file model.txt (compact mmCIF, C-alpha atoms and all ligand atoms)
# COMPACT_ATOMS: atom_id res chain seq x y z
CA MET A 69 106.66 100.29 72.44
CA ALA A 70 104.08 102.90 71.49
CA THR A 71 102.17 104.64 74.21
CA ILE A 72 98.48 104.98 73.52
CA SER A 73 97.02 108.24 74.71
CA ALA A 74 93.53 108.49 76.11
CA GLY A 75 90.85 108.29 73.47
CA SER A 76 93.09 107.26 70.58
CA GLY A 77 91.12 104.03 70.58
CA THR A 78 92.49 102.25 67.52
CA ASN A 79 94.30 99.45 69.32
CA ASP A 80 93.04 95.88 68.99
CA ASP A 81 93.53 95.49 72.73
CA ALA A 82 91.13 98.28 73.66
CA PRO A 83 88.15 96.88 75.55
CA GLY A 84 84.90 96.66 73.63
CA PRO A 85 81.37 96.93 74.99
CA SER A 86 81.00 93.23 75.79
CA ASP A 87 84.27 93.04 77.71
CA PRO A 88 84.46 92.35 81.43
CA ARG A 89 83.81 95.28 83.71
CA ILE A 90 84.42 95.86 87.38
CA ASP A 91 81.22 95.67 89.44
CA PRO A 92 81.52 98.86 91.54
CA ASP A 93 78.87 97.84 94.08
CA ARG A 94 80.45 94.45 94.69
CA LEU A 95 83.94 95.94 95.00
CA LEU A 96 82.81 98.59 97.49
CA ALA A 97 80.71 96.12 99.48
CA THR A 98 83.67 93.75 99.70
CA LEU A 99 85.96 96.57 100.89
CA SER A 100 83.39 97.42 103.59
CA ARG A 101 82.97 93.77 104.59
CA PHE A 102 86.70 93.21 105.05
CA ALA A 103 86.97 96.44 107.07
CA THR A 104 84.84 94.73 109.77
CA PHE A 105 87.67 92.27 110.54
CA GLY A 106 89.70 94.13 113.15
CA ALA A 107 87.59 97.31 112.94
CA THR A 108 88.49 100.01 115.47
CA ASP A 109 86.18 102.57 117.07
CA GLY A 110 88.11 105.25 115.17
CA GLY A 111 86.99 103.87 111.80
CA GLY A 112 90.28 102.16 111.05
CA LEU A 113 91.74 98.71 111.49
CA ASN A 114 93.75 96.86 114.09
CA ARG A 115 94.53 93.72 112.09
CA LEU A 116 98.02 92.71 113.08
CA SER A 117 99.58 89.90 111.10
CA LEU A 118 98.39 86.43 112.16
CA GLY A 119 96.15 87.74 114.93
CA ASP A 120 92.50 86.69 115.22
CA ALA A 121 91.23 89.45 112.90
CA ASP A 122 93.82 88.59 110.24
CA GLY A 123 92.69 84.98 110.56
CA GLN A 124 89.06 86.03 109.99
CA ALA A 125 89.97 88.10 106.93
CA ARG A 126 92.02 85.21 105.53
CA ASP A 127 89.17 82.75 106.14
CA GLU A 128 86.69 85.04 104.40
CA LEU A 129 88.98 85.49 101.38
CA CYS A 130 89.48 81.72 101.06
CA ALA A 131 85.75 81.05 101.50
CA ILE A 132 84.85 83.46 98.68
CA ALA A 133 87.51 81.86 96.49
CA ARG A 134 86.31 78.31 97.16
CA ARG A 135 82.69 79.24 96.45
CA ARG A 136 83.88 80.58 93.09
CA GLY A 137 85.76 77.36 92.33
CA TYR A 138 89.19 78.97 92.39
CA ARG A 139 92.18 76.93 93.52
CA VAL A 140 93.34 77.96 97.02
CA GLU A 141 96.93 77.16 98.02
CA VAL A 142 98.88 78.21 101.09
CA ASP A 143 102.66 78.09 101.37
CA PRO A 144 104.69 77.34 104.54
CA ILE A 145 104.90 81.02 105.58
CA GLY A 146 101.14 81.47 105.19
CA ASN A 147 101.04 83.36 101.90
CA ILE A 148 97.69 82.60 100.24
CA PHE A 149 97.58 81.98 96.47
CA ILE A 150 94.14 81.93 94.82
CA THR A 151 94.20 80.87 91.19
CA ARG A 152 91.59 81.28 88.47
CA PRO A 153 92.89 78.75 85.95
CA GLY A 154 93.64 79.87 82.43
CA LEU A 155 93.33 77.89 79.20
CA ASP A 156 96.99 76.85 79.37
CA GLU A 157 98.03 76.07 82.92
CA THR A 158 101.59 75.30 81.86
CA LEU A 159 102.20 79.02 81.20
CA PRO A 160 103.58 81.36 83.88
CA VAL A 161 100.72 83.10 85.70
CA LEU A 162 99.67 86.70 86.22
CA LEU A 163 100.08 87.63 89.87
CA VAL A 164 97.86 90.27 91.49
CA GLY A 165 97.37 91.13 95.15
CA SER A 166 98.89 92.75 98.22
CA HIS A 167 98.41 92.19 101.97
CA LEU A 168 95.51 91.98 104.45
CA ASP A 169 97.45 92.78 107.64
CA SER A 170 97.47 96.32 109.05
CA GLN A 171 99.29 98.57 111.48
CA PRO A 172 97.99 98.51 115.10
CA PHE A 173 95.82 101.58 114.41
CA GLY A 174 95.98 101.57 110.65
CA GLY A 175 93.55 102.23 107.85
CA ARG A 176 91.06 100.10 105.93
CA TYR A 177 92.79 100.31 102.55
CA ASP A 178 96.56 99.95 102.98
CA GLY A 179 97.07 96.48 101.55
CA ALA A 180 93.45 95.30 101.66
CA TYR A 181 92.58 97.44 98.65
CA GLY A 182 95.17 95.61 96.53
CA VAL A 183 93.92 92.17 97.57
CA LEU A 184 90.25 93.02 97.06
CA ALA A 185 90.77 94.86 93.76
CA GLY A 186 92.53 91.69 92.62
CA LEU A 187 89.61 89.56 93.82
CA GLU A 188 87.23 91.84 91.91
CA VAL A 189 89.29 91.29 88.74
CA LEU A 190 88.84 87.52 89.08
CA ARG A 191 85.10 87.89 89.69
CA SER A 192 84.72 90.29 86.73
CA LEU A 193 86.35 87.71 84.47
CA ASP A 194 83.79 85.17 85.76
CA ASP A 195 80.90 87.55 85.04
CA ALA A 196 82.02 87.89 81.42
CA GLY A 197 82.58 84.15 81.10
CA LEU A 198 86.07 84.91 79.90
CA ARG A 199 88.75 82.25 79.96
CA THR A 200 92.14 83.94 79.89
CA ARG A 201 95.08 82.23 78.22
CA ARG A 202 97.26 82.43 81.33
CA SER A 203 96.00 81.72 84.82
CA VAL A 204 95.49 84.70 87.12
CA THR A 205 96.67 84.21 90.71
CA LEU A 206 95.62 86.46 93.59
CA VAL A 207 98.07 86.64 96.50
CA ASP A 208 97.74 87.75 100.13
CA TRP A 209 101.29 88.17 101.50
CA THR A 210 101.91 87.35 105.18
CA ASN A 211 103.12 90.10 107.53
CA GLU A 212 103.75 92.92 105.11
CA GLU A 213 103.58 95.58 107.80
CA GLY A 214 106.15 94.23 110.23
CA ALA A 215 104.19 95.86 113.07
CA ARG A 216 103.79 92.66 115.11
CA PHE A 217 106.63 90.54 113.77
CA SER A 218 109.84 92.08 112.45
CA PRO A 219 110.87 92.39 109.68
CA GLY A 220 108.04 93.48 107.40
CA LEU A 221 107.64 92.04 103.89
CA LEU A 222 108.15 88.69 105.62
CA GLY A 223 106.02 86.42 103.43
CA SER A 224 107.34 87.81 100.15
CA GLY A 225 110.83 87.85 101.65
CA VAL A 226 110.72 84.10 102.22
CA VAL A 227 109.66 83.54 98.61
CA ALA A 228 112.38 85.91 97.34
CA GLY A 229 114.98 84.28 99.59
CA THR A 230 115.87 87.42 101.56
CA ILE A 231 114.98 85.57 104.79
CA SER A 232 114.99 81.82 105.44
CA LEU A 233 111.77 79.99 106.25
CA ALA A 234 113.19 78.77 109.56
CA ASP A 235 114.22 82.28 110.56
CA ALA A 236 110.80 83.66 109.56
CA HIS A 237 108.97 80.97 111.57
CA ALA A 238 111.08 81.78 114.64
CA ARG A 239 110.31 85.53 114.66
CA THR A 240 108.51 86.54 117.85
CA ASP A 241 106.05 89.27 118.77
CA ALA A 242 106.28 91.34 121.97
CA GLN A 243 104.71 88.46 123.93
CA GLY A 244 107.23 85.93 122.65
CA ILE A 245 104.72 84.16 120.38
CA THR A 246 106.33 82.94 117.16
CA VAL A 247 105.16 83.27 113.57
CA GLY A 248 105.20 79.48 113.35
CA GLN A 249 102.92 79.07 116.39
CA GLU A 250 100.41 81.54 114.97
CA LEU A 251 100.44 79.90 111.54
CA ASP A 252 99.59 76.59 113.21
CA ARG A 253 96.92 78.11 115.45
CA LEU A 254 95.15 79.76 112.50
CA GLY A 255 95.71 76.82 110.15
CA TYR A 256 97.85 78.72 107.64
CA ARG A 257 101.09 76.75 107.61
CA GLY A 258 100.59 75.25 104.16
CA ALA A 259 102.68 73.05 101.90
CA PHE A 260 102.38 74.90 98.58
CA ASP A 261 105.78 75.39 96.94
CA SER A 262 105.39 79.08 96.12
CA SER A 263 109.06 79.56 95.27
CA SER A 264 108.53 77.44 92.15
CA LEU A 265 105.48 79.44 91.03
CA ALA A 266 106.34 80.81 87.57
CA VAL A 267 105.14 84.41 87.26
CA HIS A 268 104.74 86.10 83.88
CA ARG A 269 104.03 89.53 85.36
CA SER A 270 102.99 90.85 88.76
CA PHE A 271 100.69 93.81 89.41
CA GLU A 272 100.11 95.24 92.89
CA THR A 273 97.47 97.92 93.35
CA HIS A 274 97.82 100.08 96.44
CA ILE A 275 96.78 103.44 97.84
CA GLU A 276 99.48 106.04 97.26
CA GLN A 277 99.98 106.75 100.99
CA GLY A 278 101.04 110.25 99.94
CA PRO A 279 99.27 113.38 98.64
CA VAL A 280 100.52 113.74 95.06
CA LEU A 281 97.74 112.02 93.08
CA GLU A 282 94.93 113.76 94.94
CA ARG A 283 96.68 117.14 94.81
CA THR A 284 97.23 116.89 91.06
CA GLY A 285 93.83 115.37 90.32
CA THR A 286 95.43 112.26 88.79
CA ASP A 287 93.54 108.95 88.72
CA ILE A 288 96.43 106.47 88.59
CA GLY A 289 100.03 106.45 89.74
CA VAL A 290 102.21 104.33 87.46
CA VAL A 291 104.92 103.23 89.85
CA THR A 292 108.35 102.98 88.26
CA GLY A 293 110.17 101.87 91.39
CA VAL A 294 110.69 102.17 95.12
CA GLN A 295 113.15 104.62 96.61
CA ALA A 296 116.24 103.56 98.54
CA ILE A 297 115.96 103.40 102.33
CA ARG A 298 118.65 103.65 105.02
CA TRP A 299 118.02 103.35 108.74
CA PHE A 300 120.39 104.58 111.44
CA ASP A 301 120.47 104.32 115.20
CA VAL A 302 122.35 107.21 116.75
CA LEU A 303 123.56 106.70 120.30
CA VAL A 304 124.19 109.81 122.38
CA GLN A 305 126.04 109.00 125.60
CA GLY A 306 126.28 111.69 128.27
CA GLN A 307 126.12 111.43 132.05
CA ASP A 308 122.95 111.16 134.14
CA ARG A 309 123.04 113.50 137.14
CA HIS A 310 120.77 115.13 139.68
CA ALA A 311 118.55 117.77 138.04
CA GLY A 312 118.59 120.04 141.08
CA THR A 313 122.26 120.08 141.98
CA THR A 314 124.05 120.17 138.61
CA ALA A 315 124.77 123.56 137.07
CA HIS A 316 124.11 123.81 133.34
CA SER A 317 127.78 124.37 132.64
CA ASP A 318 128.54 120.99 134.23
CA ARG A 319 126.01 118.93 132.30
CA GLN A 320 126.47 116.29 129.62
CA ASP A 321 122.79 116.14 128.72
CA ALA A 322 122.24 113.41 126.14
CA LEU A 323 118.67 114.53 125.38
CA VAL A 324 119.62 118.13 124.61
CA ALA A 325 122.39 116.87 122.33
CA ALA A 326 119.90 114.52 120.64
CA ALA A 327 117.49 117.43 120.14
CA ARG A 328 120.18 119.30 118.15
CA LEU A 329 120.55 116.24 115.92
CA ILE A 330 116.79 116.02 115.37
CA GLU A 331 116.89 119.61 114.08
CA VAL A 332 119.70 118.72 111.67
CA VAL A 333 117.80 115.70 110.32
CA ASP A 334 114.63 117.74 109.84
CA ARG A 335 116.52 120.37 107.78
CA MET A 336 118.49 117.95 105.60
CA ALA A 337 116.08 118.24 102.68
CA ASP A 338 117.02 121.95 102.42
CA THR A 339 120.58 121.09 101.47
CA VAL A 340 120.17 117.70 99.73
CA ASP A 341 116.97 118.16 97.69
CA GLU A 342 113.20 118.11 98.05
CA LYS A 343 112.97 114.38 97.28
CA LEU A 344 114.80 113.50 100.47
CA ARG A 345 112.70 112.11 103.34
CA ALA A 346 114.53 112.37 106.66
CA THR A 347 112.71 111.37 109.83
CA VAL A 348 113.53 110.76 113.48
CA GLY A 349 110.63 108.47 114.32
CA GLU A 350 111.66 107.24 117.72
CA ILE A 351 113.69 108.39 120.69
CA ARG A 352 114.64 106.32 123.72
CA VAL A 353 115.88 108.27 126.71
CA GLN A 354 117.48 106.92 129.88
CA PRO A 355 116.68 107.05 132.65
CA ASN A 356 113.60 108.96 131.41
CA SER A 357 112.83 110.52 134.77
CA ARG A 358 111.71 114.10 135.39
CA ASN A 359 114.38 115.03 137.91
CA VAL A 360 117.35 113.29 136.32
CA ILE A 361 119.45 114.88 133.56
CA PRO A 362 119.28 112.29 130.74
CA GLY A 363 122.50 110.32 130.42
CA ARG A 364 121.71 108.40 127.29
CA ALA A 365 119.51 108.83 124.21
CA VAL A 366 119.08 106.71 121.11
CA LEU A 367 117.50 108.16 117.96
CA ALA A 368 115.96 105.91 115.31
CA ILE A 369 116.37 107.63 111.93
CA ASP A 370 114.79 106.82 108.56
CA LEU A 371 116.33 108.33 105.39
CA ARG A 372 114.85 107.80 101.92
CA HIS A 373 115.61 108.99 98.40
CA PRO A 374 115.26 107.47 94.91
CA ASP A 375 118.99 108.16 94.31
CA PRO A 376 121.48 106.42 96.65
CA ALA A 377 124.08 109.16 95.92
CA ARG A 378 121.75 111.67 97.58
CA LEU A 379 121.44 109.35 100.56
CA ASP A 380 125.25 109.35 100.77
CA GLN A 381 125.07 113.15 101.09
CA ALA A 382 122.44 112.95 103.82
CA GLU A 383 124.39 110.28 105.68
CA GLU A 384 127.53 112.44 105.51
CA GLN A 385 125.59 115.35 107.04
CA LEU A 386 124.29 113.11 109.81
CA ARG A 387 127.74 111.80 110.67
CA ARG A 388 129.28 115.28 110.63
CA ALA A 389 126.50 116.69 112.82
CA ALA A 390 126.88 113.83 115.30
CA ALA A 391 130.62 114.60 115.61
CA GLU A 392 129.96 118.32 116.03
CA VAL A 393 127.28 117.83 118.66
CA ALA A 394 129.60 115.51 120.59
CA GLU A 395 132.25 118.19 120.57
CA GLN A 396 129.90 121.01 121.55
CA ARG A 397 127.91 119.19 124.25
CA GLY A 398 130.59 117.07 125.86
CA VAL A 399 128.87 113.82 124.98
CA ARG A 400 129.89 110.79 122.93
CA THR A 401 127.94 109.92 119.77
CA GLU A 402 127.90 106.77 117.64
CA VAL A 403 126.10 106.42 114.30
CA HIS A 404 125.11 102.84 113.45
CA GLN A 405 123.54 101.89 110.14
CA VAL A 406 120.93 99.19 110.79
CA LEU A 407 119.26 98.85 107.37
CA GLU A 408 120.27 99.39 103.75
CA MET A 409 117.66 98.89 101.04
CA PRO A 410 118.79 99.76 97.54
CA PRO A 411 116.23 101.34 95.19
CA THR A 412 113.98 98.97 93.23
CA ALA A 413 113.35 99.61 89.54
CA PHE A 414 110.12 98.00 88.37
CA ASP A 415 109.89 96.21 85.02
CA ALA A 416 109.49 98.72 82.17
CA GLY A 417 107.19 96.48 80.13
CA THR A 418 104.85 95.86 83.07
CA THR A 419 104.83 99.54 83.95
CA ASP A 420 104.03 100.36 80.33
CA LEU A 421 101.05 97.97 80.36
CA ILE A 422 99.63 99.87 83.34
CA ARG A 423 100.16 103.20 81.58
CA ARG A 424 98.46 101.95 78.41
CA ALA A 425 95.60 100.36 80.34
CA ALA A 426 94.91 103.66 82.10
CA ALA A 427 95.02 105.56 78.80
CA SER A 428 92.66 103.09 77.09
CA LEU A 429 90.07 103.76 79.81
CA GLY A 430 90.51 107.53 79.61
CA ARG A 431 92.06 107.71 83.08
CA SER A 432 94.78 110.24 83.79
CA ALA A 433 98.08 108.77 84.97
CA MET A 434 101.49 109.93 86.13
CA GLU A 435 104.73 108.15 86.79
CA MET A 436 105.92 108.11 90.36
CA SER A 437 108.41 106.47 92.67
CA SER A 438 107.00 104.77 95.76
CA GLY A 439 107.92 106.35 99.06
CA ALA A 440 106.97 103.23 101.01
CA GLY A 441 108.34 99.70 100.81
CA HIS A 442 106.08 97.02 99.29
CA ASP A 443 106.06 93.26 98.71
CA SER A 444 106.46 94.00 94.99
CA MET A 445 110.10 94.85 95.74
CA ASN A 446 110.62 91.19 96.62
CA VAL A 447 108.50 89.97 93.72
CA ALA A 448 110.56 92.17 91.37
CA SER A 449 113.67 90.17 92.21
CA ARG A 450 112.05 87.07 90.65
CA ALA A 451 109.62 88.27 87.98
CA PRO A 452 108.60 91.33 85.94
CA ALA A 453 106.63 93.39 88.46
CA SER A 454 105.12 96.82 88.86
CA MET A 455 102.52 98.67 90.92
CA LEU A 456 99.65 101.05 90.34
CA PHE A 457 98.57 103.59 92.93
CA ILE A 458 95.22 105.22 93.53
CA PRO A 459 94.87 108.48 95.48
CA CYS A 460 94.06 108.57 99.18
CA VAL A 461 92.44 111.48 101.03
CA ASP A 462 95.00 114.06 102.25
CA GLY A 463 97.76 111.52 101.63
CA LEU A 464 96.97 109.89 104.97
CA SER A 465 97.99 106.28 105.65
CA HIS A 466 99.11 104.19 108.62
CA THR A 467 96.33 105.97 110.51
CA GLN A 468 92.69 105.19 111.24
CA ALA A 469 91.79 108.31 109.25
CA GLU A 470 92.98 106.70 105.99
CA ASP A 471 90.25 107.08 103.34
CA ILE A 472 89.58 106.80 99.60
CA HIS A 473 86.73 107.89 97.33
CA ASP A 474 84.54 105.24 95.71
CA GLU A 475 85.47 106.27 92.18
CA TRP A 476 89.18 106.02 92.99
CA ALA A 477 88.68 102.43 94.12
CA VAL A 478 86.75 101.60 90.95
CA ASN A 479 89.27 103.34 88.66
CA GLY A 480 92.18 101.36 90.09
CA ALA A 481 90.41 98.02 89.79
CA SER A 482 89.33 98.83 86.22
CA VAL A 483 92.87 99.67 85.13
CA LEU A 484 94.11 96.52 86.86
CA LEU A 485 91.50 94.43 85.05
CA THR A 486 92.54 95.81 81.65
CA ALA A 487 96.27 95.37 82.32
CA VAL A 488 95.70 91.80 83.55
CA ARG A 489 93.55 90.92 80.54
CA TRP A 490 96.22 92.12 78.12
CA ALA A 491 99.06 90.47 80.00
CA ALA A 492 97.12 87.20 80.31
CA GLU A 493 97.04 86.85 76.53
CA GLU A 494 100.71 87.66 75.99
CA ALA A 495 102.99 85.09 74.44
CA ALA A 496 106.29 84.22 76.04
CA GLY A 497 108.92 86.96 75.99
CA HIS A 498 106.74 89.61 77.61
CA SER A 499 106.15 91.66 74.51
CA PRO A 500 102.58 92.93 74.52
CA GLU A 501 102.78 93.96 70.84
ZN ZN B 1 100.67 98.30 102.28

call {"tool": "encode", "arguments": {"input": "model.txt", "output": "structure tokens"}}
result
Amino acid sequence: MATISAGSGTNDDAPGPSDPRIDPDRLLATLSRFATFGATDGGGLNRLSLGDADGQARDELCAIARRRGYRVEVDPIGNIFITRPGLDETLPVLLVGSHLDSQPFGGRYDGAYGVLAGLEVLRSLDDAGLRTRRSVTLVDWTNEEGARFSPGLLGSGVVAGTISLADAHARTDAQGITVGQELDRLGYRGAFDSSSLAVHRSFETHIEQGPVLERTGTDIGVVTGVQAIRWFDVLVQGQDRHAGTTAHSDRQDALVAAARLIEVVDRMADTVDEKLRATVGEIRVQPNSRNVIPGRAVLAIDLRHPDPARLDQAEEQLRRAAAEVAEQRGVRTEVHQVLEMPPTAFDAGTTDLIRRAAASLGRSAMEMSSGAGHDSMNVASRAPASMLFIPCVDGLSHTQAEDIHDEWAVNGASVLLTAVRWAAEEAAGHSPE
């Protein structure tokens, strides 16, 4: 399939002057409006999945959709599907969207940008009076973040079959409230059979959540896949003793041993390669008291790399270091793997549409692998899927400081609109040419 470079302009698909265009003011106003649901004093969002603020954002999205005459359907795990019907409703649809939930002190754009850019695409098609051949369906996935209910990617996971509906409904938050109870309270336990929704292609727009696009001055990230993830819990078992009476030579200090392991994890990228992401994000110490030598520590470790063979190397280093530290510090260590996510490769044809759409609009683009997990990983198991990233300021995400520039938001929605328009006219068999 030929790649069209910016400005080559001889393709029949290239948008002409009368074609639909994103309305920048409406897009930016809608982003601001949705940032009021769960707004924090720090300029971010606290919109945990299925809390009151998430309910308000959902209600607003559905209200806008109903006013526009779109079809609003909710499935049993609360995923919202908003459809702008095409000329032939028997054809598989184009899926766009992301998630409206946030981290406890998260940003305004992680997830919400993808939903609202998708909404803007639907509204731009209305403005132009354009009936697409295929229907375009906007989705808001339930509990992407996993911050309140574990695991994340819950709504898309139910549709993909990685978690059962009954299991998902029974998941509890820290107060013991279940997903099912909250769906009922907010009125989002629907009956739509989303698992039978036929999807022609899926596009998710998202902020990069990393610094590469901004640093390189690139408008669009064409996401070819999501890197592999492995999580480990490392238990370090020593002996808790009195801090004042125990000589250092007699100690089995679990926290000091754990600190050595943290150093090893932080330096792993030096020996594996620069694409490795190795993080100790959490440490639990017992008894966690000033005047007691810690007897037990548990480290929660997150390792990521696009290539699972490199993760094998990192895991080998971790296991060797744990054995060495045990030997040196007189403690016992256990390494438990608690999560294995293989890498996801996105659909080449869908990725190519994004690349060509960016080029046709004169936007710079680069291929990249996603460092974060996304619902599109689950979608990709059922349908041709890909993602496009826009830059975010200083690569910041999962923080109230998360920010984007107006033109980045508009660029992403414009590329999405073009890719959706092309894909919506495709015949069966996914070939855009
Ligand atoms: Zn997200």

call {"tool": "residues_around", "arguments": {"input": "model.txt", "residues": "Gly363 in chain A", "least_positions_apart": "6", "cutoff": "12 Å", "atoms": "only C-alpha atoms", "output": "MDAnalysis selection string"}}
result
chainID A and resid 303:311 319:326 352:357 398:401

call {"tool": "write_last_selection", "arguments": {"input": "model.txt", "atoms": "C-alpha atoms", "output": "PDB file, in the coordinates of the input"}}
result
ATOM      1  CA  LEU A 303     123.560 106.700 120.300  1.00  0.00           C
ATOM      2  CA  VAL A 304     124.190 109.810 122.380  1.00  0.00           C
ATOM      3  CA  GLN A 305     126.040 109.000 125.600  1.00  0.00           C
ATOM      4  CA  GLY A 306     126.280 111.690 128.270  1.00  0.00           C
ATOM      5  CA  GLN A 307     126.120 111.430 132.050  1.00  0.00           C
ATOM      6  CA  ASP A 308     122.950 111.160 134.140  1.00  0.00           C
ATOM      7  CA  ARG A 309     123.040 113.500 137.140  1.00  0.00           C
ATOM      8  CA  HIS A 310     120.770 115.130 139.680  1.00  0.00           C
ATOM      9  CA  ALA A 311     118.550 117.770 138.040  1.00  0.00           C
ATOM     10  CA  ARG A 319     126.010 118.930 132.300  1.00  0.00           C
ATOM     11  CA  GLN A 320     126.470 116.290 129.620  1.00  0.00           C
ATOM     12  CA  ASP A 321     122.790 116.140 128.720  1.00  0.00           C
ATOM     13  CA  ALA A 322     122.240 113.410 126.140  1.00  0.00           C
ATOM     14  CA  LEU A 323     118.670 114.530 125.380  1.00  0.00           C
ATOM     15  CA  VAL A 324     119.620 118.130 124.610  1.00  0.00           C
ATOM     16  CA  ALA A 325     122.390 116.870 122.330  1.00  0.00           C
ATOM     17  CA  ALA A 326     119.900 114.520 120.640  1.00  0.00           C
ATOM     18  CA  ARG A 352     114.640 106.320 123.720  1.00  0.00           C
ATOM     19  CA  VAL A 353     115.880 108.270 126.710  1.00  0.00           C
ATOM     20  CA  GLN A 354     117.480 106.920 129.880  1.00  0.00           C
ATOM     21  CA  PRO A 355     116.680 107.050 132.650  1.00  0.00           C
ATOM     22  CA  ASN A 356     113.600 108.960 131.410  1.00  0.00           C
ATOM     23  CA  SER A 357     112.830 110.520 134.770  1.00  0.00           C
ATOM     24  CA  GLY A 398     130.590 117.070 125.860  1.00  0.00           C
ATOM     25  CA  VAL A 399     128.870 113.820 124.980  1.00  0.00           C
ATOM     26  CA  ARG A 400     129.890 110.790 122.930  1.00  0.00           C
ATOM     27  CA  THR A 401     127.940 109.920 119.770  1.00  0.00           C
TER      28      THR A 401
END

call {"tool": "residues_near_ligand", "arguments": {"input": "model.txt", "ligand": "ligand ZN 1 (chain B)", "cutoff": "7 Å", "atoms": "only C-alpha atoms and all ligand atoms", "output": "compact mmCIF listing (two decimals) with C-alpha atoms, in the coordinates of the input"}}
result
# COMPACT_ATOMS: atom_id res chain seq x y z
CA HIS A 167 98.41 92.19 101.97
CA ASP A 178 96.56 99.95 102.98
CA GLY A 179 97.07 96.48 101.55
CA GLU A 212 103.75 92.92 105.11
CA GLU A 213 103.58 95.58 107.80
CA HIS A 274 97.82 100.08 96.44
CA HIS A 442 106.08 97.02 99.29

call {"tool": "closest_residue", "arguments": {"input": "model.txt", "among": "A:Leu95, A:Val290, A:Ala125, A:Leu162", "to": "Ala107 in chain A", "atoms": "only C-alpha atoms"}}
result
A:Ala125

call {"tool": "residues_around", "arguments": {"input": "model.txt", "residues": "Val302 in chain A", "least_positions_apart": "6", "cutoff": "8 Å", "atoms": "all atoms listed in the file", "output": "PyMOL selection string"}}
result
chain A and resi 366-369+401-404

call {"tool": "write_last_selection", "arguments": {"input": "model.txt", "atoms": "C-alpha atoms", "output": "compact mmCIF listing (two decimals), in the coordinates of the input"}}
result
# COMPACT_ATOMS: atom_id res chain seq x y z
CA VAL A 366 119.08 106.71 121.11
CA LEU A 367 117.50 108.16 117.96
CA ALA A 368 115.96 105.91 115.31
CA ILE A 369 116.37 107.63 111.93
CA THR A 401 127.94 109.92 119.77
CA GLU A 402 127.90 106.77 117.64
CA VAL A 403 126.10 106.42 114.30
CA HIS A 404 125.11 102.84 113.45

call {"tool": "residues_around", "arguments": {"input": "model.txt", "residues": "Ala185 in chain A", "least_positions_apart": "2", "cutoff": "8 Å", "atoms": "all atoms listed in the file", "output": "PyMOL selection string"}}
result
chain A and resi 95+165+181-183+187-189+273+477+480-481+484

call {"tool": "write_last_selection", "arguments": {"input": "model.txt", "atoms": "C-alpha atoms", "output": "PDB file, in the frame of the given file"}}
result
ATOM      1  CA  LEU A  95      83.940  95.940  95.000  1.00  0.00           C
ATOM      2  CA  GLY A 165      97.370  91.130  95.150  1.00  0.00           C
ATOM      3  CA  TYR A 181      92.580  97.440  98.650  1.00  0.00           C
ATOM      4  CA  GLY A 182      95.170  95.610  96.530  1.00  0.00           C
ATOM      5  CA  VAL A 183      93.920  92.170  97.570  1.00  0.00           C
ATOM      6  CA  LEU A 187      89.610  89.560  93.820  1.00  0.00           C
ATOM      7  CA  GLU A 188      87.230  91.840  91.910  1.00  0.00           C
ATOM      8  CA  VAL A 189      89.290  91.290  88.740  1.00  0.00           C
ATOM      9  CA  THR A 273      97.470  97.920  93.350  1.00  0.00           C
ATOM     10  CA  ALA A 477      88.680 102.430  94.120  1.00  0.00           C
ATOM     11  CA  GLY A 480      92.180 101.360  90.090  1.00  0.00           C
ATOM     12  CA  ALA A 481      90.410  98.020  89.790  1.00  0.00           C
ATOM     13  CA  LEU A 484      94.110  96.520  86.860  1.00  0.00           C
TER      14      LEU A 484
END

call {"tool": "residues_around", "arguments": {"input": "model.txt", "residues": "Pro88 in chain A", "least_positions_apart": "4", "cutoff": "12 Å", "atoms": "all atoms listed in the file", "output": "PyMOL selection string"}}
result
chain A and resi 82-84+188-200+481-486+488-489

call {"tool": "closest_residue", "arguments": {"input": "model.txt", "among": "A:Asp341, A:Glu282, A:Asp252, A:Asp443", "to": "Val164 in chain A", "atoms": "all atoms listed in the file"}}
result
A:Asp443

call {"tool": "atom_distance", "arguments": {"input": "model.txt", "atom1": "CA of Gly175 in chain A", "atom2": "CA of Gly111 in chain A"}}
result
7.8 Å

call {"tool": "closest_residue", "arguments": {"input": "model.txt", "among": "A:His316, A:Arg139, A:Lys343, A:Arg202", "to": "Leu155 in chain A", "atoms": "all atoms listed in the file"}}
result
A:Arg202

call {"tool": "axis_aligned_box", "arguments": {"input": "model.txt", "around": "range 406-411 of chain A", "padding_each_side": "3 Å", "output": "AutoDock Vina command-line options"}}
result
--center_x 118.6 --center_y 100.1 --center_z 103.0 --size_x 10.7 --size_y 8.5 --size_z 21.6
